[in-house]
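Here's run-v4.cif, which has mmCIF, C-alpha atoms:
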```
data_model
#
loop_
_atom_site.label_atom_id
_atom_site.label_comp_id
_atom_site.auth_asym_id
_atom_site.auth_seq_id
_atom_site.Cartn_x
_atom_site.Cartn_y
_atom_site.Cartn_z
CA MET A 431 0.00 0.00 0.00
CA LYS A 432 2.73 2.46 1.00
CA PRO A 433 4.88 2.31 -2.17
CA ASP A 434 1.61 2.61 -4.16
CA ARG A 435 0.70 5.85 -2.44
CA LYS A 436 4.23 7.18 -2.89
CA ARG A 437 4.04 6.42 -6.60
CA LEU A 438 0.66 8.11 -6.81
CA ILE A 439 2.06 11.28 -5.23
CA VAL A 440 5.06 11.31 -7.58
CA VAL A 441 2.88 10.72 -10.67
CA GLY A 442 0.39 13.36 -9.46
CA THR A 443 3.11 15.97 -8.94
CA LEU A 444 4.66 15.25 -12.34
CA ALA A 445 1.24 15.45 -14.03
CA PHE A 446 0.58 18.78 -12.25
CA ILE A 447 3.87 20.25 -13.45
CA GLY A 448 3.24 18.77 -16.90
CA VAL A 449 -0.15 20.47 -17.22
CA VAL A 450 1.28 23.81 -16.00
CA VAL A 451 4.10 23.70 -18.56
CA LEU A 452 1.83 22.45 -21.35
CA VAL A 453 -0.75 25.22 -20.83
CA ALA A 454 1.96 27.89 -20.57
CA ALA A 455 3.72 26.65 -23.70
CA THR A 456 0.46 26.45 -25.67
CA VAL A 457 -0.73 29.94 -24.68
CA PHE A 458 2.73 31.47 -25.20
CA GLY A 459 3.16 29.76 -28.58
CA PHE A 460 -0.32 30.68 -29.77
CA THR A 461 0.02 34.34 -28.70
CA THR A 462 3.44 34.62 -30.29
CA ILE A 463 2.25 33.14 -33.61
CA VAL A 464 -0.82 35.43 -33.69
CA ALA A 465 1.42 38.44 -32.88
CA LEU A 466 3.91 37.47 -35.58
CA ILE A 467 1.20 37.12 -38.22
CA THR A 468 -1.00 40.12 -37.45
CA GLY A 469 0.99 42.35 -35.10
CA ILE A 470 -0.43 42.79 -31.60
CA ASP A 471 -2.17 46.09 -32.37
CA GLY A 472 -3.36 45.00 -35.79
CA PRO A 473 -1.48 45.09 -39.09
CA PRO A 474 1.45 47.52 -39.08
CA GLN A 475 1.35 50.87 -40.86
CA MET A 476 4.32 52.89 -41.99
CA LEU A 477 4.93 56.53 -41.16
CA VAL A 478 6.90 58.25 -43.91
CA VAL A 479 8.60 61.55 -43.09
CA GLU A 480 10.22 63.60 -45.85
CA VAL A 481 12.40 66.67 -45.56
CA VAL A 482 10.86 69.54 -47.58
CA GLY A 483 12.15 72.96 -48.53
CA GLU A 484 10.62 76.25 -47.36
CA GLU A 485 9.03 76.80 -50.80
CA GLU A 486 6.45 74.10 -49.97
CA LEU A 487 5.12 75.97 -46.95
CA GLN A 488 2.98 78.55 -48.81
CA ASN A 489 -0.45 77.06 -48.18
CA ALA A 490 0.27 74.53 -45.51
CA SER A 491 -0.10 74.94 -41.78
CA VAL A 492 3.07 74.39 -39.82
CA ILE A 493 3.29 72.68 -36.45
CA HIS A 494 6.43 73.46 -34.47
CA LEU A 495 7.53 70.34 -32.64
CA THR A 496 9.06 70.52 -29.18
CA ASP A 497 11.47 68.07 -27.57
CA ARG A 498 8.60 66.93 -25.40
CA ASP A 499 6.46 66.15 -28.47
CA LEU A 500 9.20 63.90 -29.79
CA LYS A 501 9.68 62.24 -26.41
CA GLN A 502 5.97 61.46 -26.26
CA HIS A 503 5.88 60.13 -29.84
CA PRO A 504 8.92 57.87 -30.24
CA VAL A 505 7.78 56.76 -33.73
CA LEU A 506 7.83 60.36 -35.00
CA ALA A 507 11.16 60.93 -33.24
CA SER A 508 12.83 57.98 -34.96
CA ALA A 509 11.31 58.89 -38.37
CA ILE A 510 12.61 62.47 -38.08
CA ARG A 511 15.99 61.28 -36.87
CA GLU A 512 16.34 58.99 -39.88
CA ALA A 513 15.02 61.53 -42.40
CA GLY A 514 17.24 64.28 -41.07
CA SER A 515 20.38 62.19 -40.68
CA ASP A 516 21.76 63.51 -43.98
CA SER A 517 20.54 67.06 -44.44
CA ASN A 518 22.25 67.60 -47.83
CA VAL A 519 20.02 65.13 -49.67
CA PRO A 520 16.21 65.23 -49.40
CA ALA A 521 15.58 62.04 -47.49
CA SER A 522 12.55 60.03 -46.50
CA ALA A 523 12.31 57.34 -43.89
CA PRO A 524 9.47 54.85 -43.45
CA VAL A 525 9.06 53.73 -39.84
CA PRO A 526 6.59 51.04 -38.72
CA MET A 527 3.89 52.06 -36.23
CA THR A 528 0.86 50.48 -34.57
CA GLY A 529 -2.75 51.57 -35.07
CA ALA A 530 -2.81 53.31 -31.68
CA GLU A 531 0.32 55.30 -32.52
CA CYS A 532 -1.19 56.26 -35.89
CA LEU A 533 -4.32 57.52 -34.10
CA ALA A 534 -2.23 59.51 -31.62
CA LEU A 535 -0.19 61.10 -34.43
CA THR A 536 -3.32 61.86 -36.46
CA GLU A 537 -5.12 63.56 -33.57
CA SER A 538 -2.01 65.45 -32.44
CA PHE A 539 -0.25 66.39 -35.69
CA GLY A 540 -2.74 65.53 -38.45
CA VAL A 541 -0.42 63.02 -40.15
CA TYR A 542 -3.27 61.00 -41.67
CA THR A 543 -5.60 63.83 -42.73
CA ALA A 544 -6.36 65.32 -46.14
CA ASN A 545 -4.28 68.49 -45.69
CA ALA A 546 -1.58 67.14 -43.47
CA PRO A 547 0.34 70.00 -41.87
CA ILE A 548 4.09 70.44 -42.27
CA LEU A 549 6.06 69.67 -39.14
CA GLU A 550 9.03 71.76 -38.12
CA TYR A 551 11.78 70.67 -35.77
CA ASP A 552 15.12 72.34 -35.24
CA GLY A 553 14.74 74.55 -38.31
CA VAL A 554 14.02 71.65 -40.71
CA TYR A 555 10.59 71.14 -42.29
CA TYR A 556 9.04 67.70 -42.72
CA ALA A 557 6.05 66.41 -44.70
CA THR A 558 4.35 63.24 -43.47
CA ARG A 559 2.49 60.39 -45.13
CA VAL A 560 1.03 57.11 -43.90
CA LEU A 561 1.42 53.90 -45.87
CA LEU A 562 -1.03 51.09 -45.14
CA HIS A 563 0.00 47.47 -45.53
CA MET B 247 -15.98 -7.37 5.94
CA GLU B 248 -16.49 -6.57 2.28
CA GLU B 249 -19.74 -4.73 2.97
CA GLY B 250 -17.88 -2.48 5.37
CA LYS B 251 -15.00 -1.82 2.97
CA LYS B 252 -16.97 -0.64 -0.05
CA PRO B 253 -18.26 2.74 1.14
CA GLY B 254 -14.77 3.65 2.33
CA ASN B 255 -13.29 2.77 -1.04
CA ARG B 256 -15.90 4.73 -2.92
CA LEU B 257 -15.28 7.73 -0.69
CA ARG B 258 -11.59 7.43 -1.35
CA THR B 259 -12.15 7.29 -5.14
CA ALA B 260 -14.47 10.30 -5.02
CA GLY B 261 -11.90 12.20 -2.97
CA LEU B 262 -9.19 11.30 -5.46
CA VAL B 263 -11.29 12.49 -8.41
CA VAL B 264 -12.12 15.79 -6.69
CA ALA B 265 -8.45 16.28 -5.79
CA CYS B 266 -7.42 15.58 -9.39
CA VAL B 267 -9.98 18.06 -10.76
CA LEU B 268 -8.87 20.76 -8.30
CA ALA B 269 -5.23 20.09 -9.11
CA GLY B 270 -6.07 20.30 -12.83
CA ILE B 271 -7.80 23.68 -12.41
CA ALA B 272 -4.92 24.99 -10.31
CA ALA B 273 -2.44 23.73 -12.90
CA VAL B 274 -4.26 25.43 -15.78
CA ALA B 275 -4.49 28.71 -13.82
CA LEU B 276 -0.78 28.50 -12.94
CA GLY B 277 0.00 27.72 -16.59
CA LEU B 278 -1.87 30.82 -17.76
CA MET B 279 -0.02 32.96 -15.20
CA LEU B 280 3.30 31.47 -16.30
CA ALA B 281 2.46 32.18 -19.96
CA ASP B 282 1.64 35.83 -19.06
CA ALA B 283 4.90 36.21 -17.17
CA LEU B 284 6.84 34.58 -20.05
CA LEU B 285 5.22 36.88 -22.59
CA ILE B 286 6.00 40.06 -20.61
CA TYR B 287 9.57 38.84 -19.96
CA ALA B 288 10.05 38.19 -23.70
CA MET B 289 8.56 41.59 -24.65
CA GLU B 290 10.65 43.56 -22.09
CA GLY B 291 13.74 42.13 -23.77
CA SER B 292 12.57 43.08 -27.27
CA GLY B 293 13.65 46.72 -26.98
CA GLY B 294 10.22 48.13 -27.94
CA GLN B 295 8.82 51.26 -26.32
CA PRO B 296 5.26 50.72 -25.10
CA MET B 297 3.45 54.02 -24.55
CA LEU B 298 0.50 55.21 -22.54
CA TYR B 299 -1.56 57.89 -24.28
CA VAL B 300 -4.52 59.71 -22.79
CA MET B 301 -7.12 61.10 -25.15
CA GLU B 302 -9.61 63.74 -24.05
CA SER B 303 -13.06 63.47 -25.57
CA ALA B 304 -15.40 66.44 -25.89
CA ASP B 305 -18.41 64.46 -27.05
CA VAL B 306 -19.62 62.27 -24.19
CA GLN B 307 -23.27 61.51 -23.54
CA PRO B 308 -23.90 60.40 -19.94
CA GLU B 309 -26.51 57.91 -21.12
CA TRP B 310 -23.79 55.84 -22.77
CA GLY B 311 -23.27 54.49 -19.29
CA MET B 312 -19.56 53.81 -19.63
CA VAL B 313 -18.40 56.71 -17.46
CA VAL B 314 -15.99 55.79 -14.67
CA PRO B 315 -14.91 58.51 -12.22
CA LEU B 316 -11.16 58.55 -11.56
CA THR B 317 -10.24 58.53 -7.89
CA GLU B 318 -7.04 59.20 -5.97
CA LYS B 319 -6.59 55.43 -5.76
CA ASP B 320 -6.39 55.19 -9.57
CA PHE B 321 -3.67 57.83 -9.62
CA ALA B 322 -1.81 56.14 -6.74
CA ASP B 323 -2.00 52.72 -8.44
CA HIS B 324 -0.91 54.07 -11.83
CA PRO B 325 1.63 56.91 -11.45
CA ALA B 326 1.96 57.08 -15.26
CA LEU B 327 -1.74 57.99 -15.53
CA ASP B 328 -1.27 60.64 -12.84
CA ALA B 329 1.73 62.12 -14.70
CA VAL B 330 -0.19 62.40 -17.98
CA ILE B 331 -3.53 63.68 -16.67
CA ARG B 332 -2.33 66.16 -14.04
CA GLY B 333 1.45 65.95 -13.92
CA GLU B 334 4.53 66.86 -15.90
CA GLU B 335 3.62 64.73 -18.94
CA ARG B 336 0.51 66.77 -19.66
CA ASN B 337 1.11 68.27 -23.11
CA PRO B 338 -2.27 68.85 -24.76
CA SER B 339 -2.39 69.03 -28.53
CA VAL B 340 -4.91 71.13 -30.45
CA TRP B 341 -8.44 69.92 -31.20
CA GLU B 342 -8.34 70.74 -34.91
CA TRP B 343 -6.71 67.61 -36.37
CA GLY B 344 -8.38 64.22 -36.79
CA ALA B 345 -11.97 63.90 -35.64
CA GLY B 346 -12.05 67.33 -33.98
CA ASP B 347 -13.98 66.23 -30.89
CA ARG B 348 -10.99 64.53 -29.33
CA ARG B 349 -7.35 65.34 -28.70
CA PHE B 350 -4.37 63.69 -27.07
CA ILE B 351 -3.39 65.41 -23.85
CA GLY B 352 -0.10 63.60 -23.35
CA GLY B 353 1.76 60.35 -23.25
CA THR B 354 4.57 58.62 -21.45
CA ASN B 355 6.79 55.61 -21.85
CA VAL B 356 5.68 52.69 -19.65
CA SER B 357 6.86 49.14 -19.12
CA TYR B 358 5.13 46.25 -20.89
CA ALA B 359 3.72 45.05 -17.56
CA GLU B 360 2.29 48.52 -16.85
CA SER B 361 0.94 48.81 -20.40
CA LYS B 362 -0.91 45.53 -19.93
CA ALA B 363 -2.18 46.51 -16.47
CA LEU B 364 -3.53 49.83 -17.85
CA GLN B 365 -5.12 48.04 -20.81
CA ASP B 366 -6.79 45.49 -18.50
CA THR B 367 -8.09 48.18 -16.12
CA TYR B 368 -9.06 51.05 -18.45
CA GLY B 369 -9.04 49.42 -21.89
CA PRO B 370 -12.06 48.51 -23.97
CA ASP B 371 -14.61 45.92 -22.95
CA ARG B 372 -13.51 42.51 -24.27
CA GLU B 373 -16.86 41.79 -25.90
CA THR B 374 -18.21 45.13 -27.12
CA TRP B 375 -14.83 46.91 -27.62
CA VAL B 376 -16.36 50.05 -26.10
CA TYR B 377 -13.83 52.17 -24.21
CA PRO B 378 -14.88 53.38 -20.76
CA HIS B 379 -14.77 57.18 -20.41
CA LEU B 380 -12.80 58.18 -17.35
CA GLU B 381 -14.13 61.32 -15.73
CA TYR B 382 -11.86 63.69 -13.82
CA GLU B 383 -12.72 67.29 -12.87
CA GLY B 384 -15.43 67.56 -15.52
CA ALA B 385 -13.34 66.27 -18.44
CA TYR B 386 -13.59 62.83 -20.04
CA TYR B 387 -10.56 60.74 -20.92
CA LEU B 388 -9.80 57.52 -22.77
CA VAL B 389 -6.70 55.47 -22.08
CA VAL B 390 -4.85 54.14 -25.13
CA THR B 391 -1.83 51.90 -24.74
CA THR B 392 0.60 50.63 -27.35
CA TRP B 393 2.35 47.27 -27.33
CA PRO B 394 4.99 47.50 -30.07
#
```
Would you write out, as structure tokens, the structure that this file holds?
Amino acid sequence: MKPDRKRLIVVGTLAFIGVVVLVAATVFGFTTIVALITGIDGPPQMLVVEVVGEEELQNASVIHLTDRDLKQHPVLASAIREAGSDSNVPASAPVPMTGAECLALTESFGVYTANAPILEYDGVYYATRVLLH
Amino acid sequence: MEEGKKPGNRLRTAGLVVACVLAGIAAVALGLMLADALLIYAMEGSGGQPMLYVMESADVQPEWGMVVPLTEKDFADHPALDAVIRGEERNPSVWEWGAGDRRFIGGTNVSYAESKALQDTYGPDRETWVYPHLEYEGAYYLVVTTWP
């Protein structure tokens, strides 16, 4: 009787650990695959920032960006950093963003509106576009 | 002798089954918690920058019924929310872009664990996907988190 009970406890403990690991692995694997296929916040969009000259400002509104704006919108900050990395050549830089970030940028800086404003940071002017995938 | 043994055996079997079921439920719950922890650990190492954004909404009808007043406890539990709504991260944008009846009042970098906690507490209802409107000093806010 005694060895039987001991075996039962060992088997029970192993089964318990087995179920814990199996559930964790299944959920983790499933979530990771779904995230890889669709992106966690939906399909990714690309923010494209282009350096423009002052001649393009005639009819457009201009939003002057502050350091705090860039800190609060890391996607915009990295797009501007990449676009402005070589100021001699007009450059553009597509940067991936989530749907929530796109909404935040649209409501704050009008990036995804019909007459998107020109953004200014550190004396350089930038036009923005959104590419959908 | 046998007559006396049977009820005891049956009781033992029933006890064993109940114990197994309870252990199974506990194991599944622990497994889900482990998966959550694994996921957050993996994401924290990915180098992404999850953000908390707070959006102010001008068009809120009280009859929508999804209005939740923010209390001091909310701000104490979520310092990031406090910083954006009434602290140093408050940086309201203009109303004129986008839909016009909403604007972002600020945002801050949070950890993945905090992003998930904010999403679970103030995010949209899992079935209807309606966001609760958080009310504070007469203004209505929506919490938007990113999980890059």
Distance table requested - chain B against chain A, cut-off 9 Å, all atoms listed in the file: one row per qualifying residue with the closest atom pair and its distance in Å to one decimal, ordered by chain and rising residue number, as a tab-separated table.
```
residue	atom	partner	partner_atom	distance
B:Cys266	CA	A:Gly442	CA	8.1
B:Ala269	CA	A:Phe446	CA	6.7
B:Gly270	CA	A:Phe446	CA	6.8
B:Ala272	CA	A:Val450	CA	8.5
B:Ala273	CA	A:Val450	CA	4.8
B:Val274	CA	A:Val450	CA	5.8
B:Ala275	CA	A:Val450	CA	7.9
B:Leu276	CA	A:Val450	CA	6.0
B:Gly277	CA	A:Val450	CA	4.2
B:Leu278	CA	A:Ala454	CA	5.6
B:Met279	CA	A:Ala454	CA	7.6
B:Leu280	CA	A:Ala454	CA	5.7
B:Ala281	CA	A:Ala454	CA	4.4
B:Asp282	CA	A:Phe458	CA	7.6
B:Leu284	CA	A:Phe458	CA	7.3
B:Leu285	CA	A:Phe458	CA	6.5
B:Gln295	CA	A:Pro504	CA	7.7
B:Met297	CA	A:Gln502	CA	8.0
B:Tyr299	CA	A:Ala534	CA	7.5
B:Met301	CA	A:Ala534	CA	8.3
B:Glu335	CA	A:Gln502	CA	8.4
B:Asn337	CA	A:Asp499	CA	7.9
B:Pro338	CA	A:Ser538	CA	8.4
B:Ser339	CA	A:Ser538	CA	5.3
B:Val340	CA	A:Ser538	CA	6.7
B:Trp341	CA	A:Glu537	CA	7.6
B:Glu342	CA	A:Glu537	CA	8.0
B:Trp343	CA	A:Gly540	CA	4.9
B:Gly344	CA	A:Glu537	CA	4.6
B:Ala345	CA	A:Glu537	CA	7.2
B:Gly346	CA	A:Glu537	CA	7.9
B:Arg348	CA	A:Glu537	CA	7.3
B:Arg349	CA	A:Glu537	CA	5.6
B:Phe350	CA	A:Ser538	CA	6.1
B:Ile351	CA	A:Ser538	CA	8.7
B:Gly352	CA	A:Gln502	CA	7.1
B:Gly353	CA	A:Gln502	CA	5.3
B:Thr354	CA	A:Gln502	CA	5.8
B:Asn355	CA	A:Gln502	CA	7.4
B:Val390	CA	A:Ala530	CA	6.9
B:Thr391	CA	A:Ala530	CA	7.1
B:Thr392	CA	A:Ala530	CA	6.1
B:Trp393	CA	A:Ile470	CA	6.8
B:Pro394	CA	A:Thr528	CA	6.8
```
>> Could you tell me how far CA of Tyr358 in chain B sits from CA of Pro378 in chain B, in Å to one decimal place?
In response: 21.2 Å
> If the PyMOL selection byres ((chain B and resi 384) around 12) is run on the structure shown, which residues does it catch, given as number ranges by chain?
Replying inline: B: 302-304, 306, 308, 313-316, 379-383, 385-387
>> Translate the PyMOL selection byres ((chain A and resi 488-492) around 6) into a concrete residue list for this structure, as number ranges by chain.
In response: A: 486-487, 493, 547-549
>> Assuming the chain letters and numbering stay as they are in my file, what does the PyMOL selection byres ((chain A and resi 522) around 6) actually select? List them as a ChimeraX atom specification.
In response: /A:479-480,513,521,523
What are the centre and edge lengths in Å, to one decimal, of the axis-aligned box around all listed atoms of range 439-455 of chain A with 6 Å added on each side, as lines of an AutoDock Vina configuration file?
```
center_x = 2.2
center_y = 19.3
center_z = -14.5
size_x = 17.8
size_y = 29.2
size_z = 30.5
```
> Which of these residues is nearest to Arg332 in chain B, using all atoms listed in the file: B:Gln307, B:Arg372, B:Gly254, B:Glu318?
Replying inline: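 Closest to Arg332 in chain B of all the choices is B:Glu318.
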